[in-house]
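Structure file start_2.cif (mmCIF, C-alpha atoms, pLDDT in the B column; chains and numbers go by the auth columns) follows.
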```cif
data_model
#
loop_
_atom_site.group_PDB
_atom_site.id
_atom_site.type_symbol
_atom_site.label_atom_id
_atom_site.label_comp_id
_atom_site.label_asym_id
_atom_site.label_seq_id
_atom_site.Cartn_x
_atom_site.Cartn_y
_atom_site.Cartn_z
_atom_site.B_iso_or_equiv
_atom_site.auth_seq_id
_atom_site.auth_asym_id
ATOM 1 C CA MET A 1 -2.798 -0.702 19.123 52.00 945 A
ATOM 2 C CA GLN A 2 0.425 -2.384 18.031 65.00 946 A
ATOM 3 C CA PRO A 3 0.297 -5.727 16.198 80.00 947 A
ATOM 4 C CA ILE A 4 1.713 -7.590 19.192 85.00 948 A
ATOM 5 C CA GLY A 5 -0.852 -5.994 21.511 90.00 949 A
ATOM 6 C CA SER A 6 -3.698 -6.911 19.202 88.00 950 A
ATOM 7 C CA GLU A 7 -2.405 -10.501 19.064 87.00 951 A
ATOM 8 C CA ILE A 8 -2.292 -10.718 22.860 90.00 952 A
ATOM 9 C CA ARG A 9 -5.843 -9.386 23.032 93.00 953 A
ATOM 10 C CA ARG A 10 -7.078 -11.720 20.290 88.00 954 A
ATOM 11 C CA VAL A 11 -5.626 -14.794 22.002 88.00 955 A
ATOM 12 C CA ARG A 12 -6.907 -13.701 25.432 90.00 956 A
ATOM 13 C CA LEU A 13 -10.416 -13.267 24.064 91.00 957 A
ATOM 14 C CA ALA A 14 -10.192 -16.592 22.201 87.00 958 A
ATOM 15 C CA MET A 15 -9.380 -18.183 25.566 89.00 959 A
ATOM 16 C CA GLY A 16 -12.483 -16.496 27.014 92.00 960 A
ATOM 17 C CA LEU A 17 -10.466 -14.761 29.737 93.00 961 A
ATOM 18 C CA THR A 18 -10.753 -11.325 31.303 97.00 962 A
ATOM 19 C CA LEU A 19 -7.646 -9.202 31.768 97.00 963 A
ATOM 20 C CA VAL A 20 -7.461 -10.327 35.393 98.00 964 A
ATOM 21 C CA GLU A 21 -7.857 -14.014 34.536 96.00 965 A
ATOM 22 C CA PHE A 22 -5.316 -13.836 31.724 95.00 966 A
ATOM 23 C CA GLY A 23 -2.898 -11.996 33.995 95.00 967 A
ATOM 24 C CA HIS A 24 -3.178 -14.818 36.537 95.00 968 A
ATOM 25 C CA HIS A 25 -2.769 -17.382 33.771 91.00 969 A
ATOM 26 C CA VAL A 26 0.528 -15.862 32.587 90.00 970 A
ATOM 27 C CA CYS A 27 1.681 -14.596 36.029 92.00 971 A
ATOM 28 C CA VAL A 28 1.544 -10.934 35.018 93.00 972 A
ATOM 29 C CA PRO A 29 -0.544 -8.157 36.619 97.00 973 A
ATOM 30 C CA TRP A 30 -3.680 -7.360 34.636 97.00 974 A
ATOM 31 C CA GLN A 31 -2.540 -3.751 34.325 98.00 975 A
ATOM 32 C CA THR A 32 0.542 -4.941 32.455 97.00 976 A
ATOM 33 C CA ILE A 33 -1.587 -7.018 30.096 96.00 977 A
ATOM 34 C CA ALA A 34 -3.812 -3.977 29.482 97.00 978 A
ATOM 35 C CA ALA A 35 -0.729 -1.871 28.711 97.00 979 A
ATOM 36 C CA TYR A 36 0.507 -4.495 26.229 95.00 980 A
ATOM 37 C CA GLU A 37 -2.884 -4.744 24.533 94.00 981 A
ATOM 38 C CA SER A 38 -3.269 -0.980 24.203 95.00 982 A
ATOM 39 C CA GLY A 39 0.249 -0.525 22.854 91.00 983 A
ATOM 40 C CA ARG A 40 1.335 1.695 25.756 94.00 984 A
ATOM 41 C CA THR A 41 4.019 -0.871 26.552 93.00 985 A
ATOM 42 C CA VAL A 42 5.719 -3.483 24.394 89.00 986 A
ATOM 43 C CA PRO A 43 6.440 -6.744 26.186 90.00 987 A
ATOM 44 C CA PRO A 44 10.129 -7.573 26.475 90.00 988 A
ATOM 45 C CA SER A 45 11.144 -10.752 24.670 84.00 989 A
ATOM 46 C CA ASP A 46 11.384 -12.816 27.869 87.00 990 A
ATOM 47 C CA ARG A 47 7.851 -11.798 28.897 90.00 991 A
ATOM 48 C CA LEU A 48 6.575 -12.473 25.409 86.00 992 A
ATOM 49 C CA LEU A 49 8.060 -15.955 25.531 85.00 993 A
ATOM 50 C CA GLN A 50 6.391 -16.455 28.926 87.00 994 A
ATOM 51 C CA ILE A 51 3.028 -15.486 27.400 87.00 995 A
ATOM 52 C CA LEU A 52 3.601 -17.767 24.401 84.00 996 A
ATOM 53 C CA HIS A 53 4.435 -20.669 26.669 83.00 997 A
ATOM 54 C CA ALA A 54 1.381 -20.095 28.867 83.00 998 A
ATOM 55 C CA THR A 55 -0.950 -20.009 25.866 83.00 999 A
ATOM 56 C CA ARG A 56 0.299 -23.108 24.049 77.00 1000 A
ATOM 57 C CA GLY A 57 -2.477 -25.368 22.931 71.00 1001 A
ATOM 58 C CA VAL A 58 -4.990 -22.543 22.551 70.00 1002 A
ATOM 59 C CA SER A 59 -7.457 -23.129 19.723 61.00 1003 A
ATOM 60 C CA GLU A 60 -6.613 -19.656 18.354 63.00 1004 A
ATOM 61 C CA PRO A 61 -2.799 -19.528 18.731 62.00 1005 A
ATOM 62 C CA PHE A 62 -0.637 -16.490 18.181 67.00 1006 A
ATOM 63 C CA ARG A 63 0.086 -15.683 14.592 65.00 1007 A
ATOM 64 C CA ILE A 64 3.669 -16.737 14.986 58.00 1008 A
ATOM 65 C CA GLY A 65 5.057 -14.514 12.216 60.00 1009 A
ATOM 66 C CA LEU A 66 4.125 -11.350 14.089 57.00 1010 A
ATOM 67 C CA VAL A 67 5.420 -12.674 17.378 59.00 1011 A
ATOM 68 C CA ALA A 68 8.617 -14.156 15.902 58.00 1012 A
ATOM 69 C CA ARG A 69 9.526 -10.831 14.271 61.00 1013 A
ATOM 70 C CA ARG A 70 9.096 -9.058 17.630 61.00 1014 A
ATOM 71 C CA VAL A 71 11.227 -11.600 19.484 57.00 1015 A
ATOM 72 C CA ALA A 72 13.916 -11.502 16.765 55.00 1016 A
ATOM 73 C CA ARG A 73 14.108 -7.694 16.930 63.00 1017 A
ATOM 74 C CA ALA A 74 14.465 -7.831 20.706 57.00 1018 A
ATOM 75 C CA ALA A 75 17.273 -10.404 20.624 52.00 1019 A
#
```
Encoding of this model in structure tokens:
Amino acid sequence: MQPIGSEIRRVRLAMGLTLVEFGHHVCVPWQTIAAYESGRTVPPSDRLLQILHATRGVSEPFRIGLVARRVARAA
């Protein structure tokens, strides 16, 4: 699992959401979320920003350093 995938999974679980529920929450199919979490697919920067925006205010936010490095590399 890639660091970004493990962060997505960690935040999803902290929110208490299933893959399906989290997919609905961020407007992404659950299969895509599963692919991100497993590391089969890396989210493009625009999708990652969409996920970040949808999970603002979560009690267990993304570890921004990991996410910021991914977004910066994609830019």
Item checked: Residues in the PyMOL selection byres ((chain A and resi 969) around 12), expressed as a PyMOL selection string -> chain A and resi 956+959-968+970-974+977+994-1000
Write out the residues from the selection above, keeping C-alpha atoms, as an mmCIF file, in the frame of the given file.
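Done, and the output landed in result_0.cif:
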```
data_model
loop_
_atom_site.group_PDB
_atom_site.id
_atom_site.type_symbol
_atom_site.label_atom_id
_atom_site.label_comp_id
_atom_site.auth_asym_id
_atom_site.auth_seq_id
_atom_site.Cartn_x
_atom_site.Cartn_y
_atom_site.Cartn_z
ATOM 1 C CA ARG A 956 -6.907 -13.701 25.432
ATOM 2 C CA MET A 959 -9.380 -18.183 25.566
ATOM 3 C CA GLY A 960 -12.483 -16.496 27.014
ATOM 4 C CA LEU A 961 -10.466 -14.761 29.737
ATOM 5 C CA THR A 962 -10.753 -11.325 31.303
ATOM 6 C CA LEU A 963 -7.646 -9.202 31.768
ATOM 7 C CA VAL A 964 -7.461 -10.327 35.393
ATOM 8 C CA GLU A 965 -7.857 -14.014 34.536
ATOM 9 C CA PHE A 966 -5.316 -13.836 31.724
ATOM 10 C CA GLY A 967 -2.898 -11.996 33.995
ATOM 11 C CA HIS A 968 -3.178 -14.818 36.537
ATOM 12 C CA VAL A 970 0.528 -15.862 32.587
ATOM 13 C CA CYS A 971 1.681 -14.596 36.029
ATOM 14 C CA VAL A 972 1.544 -10.934 35.018
ATOM 15 C CA PRO A 973 -0.544 -8.157 36.619
ATOM 16 C CA TRP A 974 -3.680 -7.360 34.636
ATOM 17 C CA ILE A 977 -1.587 -7.018 30.096
ATOM 18 C CA GLN A 994 6.391 -16.455 28.926
ATOM 19 C CA ILE A 995 3.028 -15.486 27.400
ATOM 20 C CA LEU A 996 3.601 -17.767 24.401
ATOM 21 C CA HIS A 997 4.435 -20.669 26.669
ATOM 22 C CA ALA A 998 1.381 -20.095 28.867
ATOM 23 C CA THR A 999 -0.950 -20.009 25.866
ATOM 24 C CA ARG A 1000 0.299 -23.108 24.049
#
```
Next item on the list: Check which residues satisfy the PyMOL selection byres ((chain A and resi 952) around 9) in the file shown, then give them as a PyMOL selection string.
Entry: chain A and resi 947-951+953-957+977+980-981+995+1006
For this file, the PyMOL selection byres ((chain A and resi 986) around 10) selects which residues, as a compact mmCIF listing (two decimals) with C-alpha atoms, keeping the file's coordinate frame?
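The new file expr-v5.txt reads:
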```txt
# COMPACT_ATOMS: atom_id res chain seq x y z
CA GLN A 946 0.42 -2.38 18.03
CA ILE A 948 1.71 -7.59 19.19
CA GLY A 949 -0.85 -5.99 21.51
CA THR A 976 0.54 -4.94 32.46
CA ILE A 977 -1.59 -7.02 30.10
CA ALA A 979 -0.73 -1.87 28.71
CA TYR A 980 0.51 -4.50 26.23
CA GLU A 981 -2.88 -4.74 24.53
CA SER A 982 -3.27 -0.98 24.20
CA GLY A 983 0.25 -0.52 22.85
CA ARG A 984 1.34 1.70 25.76
CA THR A 985 4.02 -0.87 26.55
CA PRO A 987 6.44 -6.74 26.19
CA PRO A 988 10.13 -7.57 26.48
CA SER A 989 11.14 -10.75 24.67
CA ARG A 991 7.85 -11.80 28.90
CA LEU A 992 6.58 -12.47 25.41
CA ARG A 1014 9.10 -9.06 17.63
```
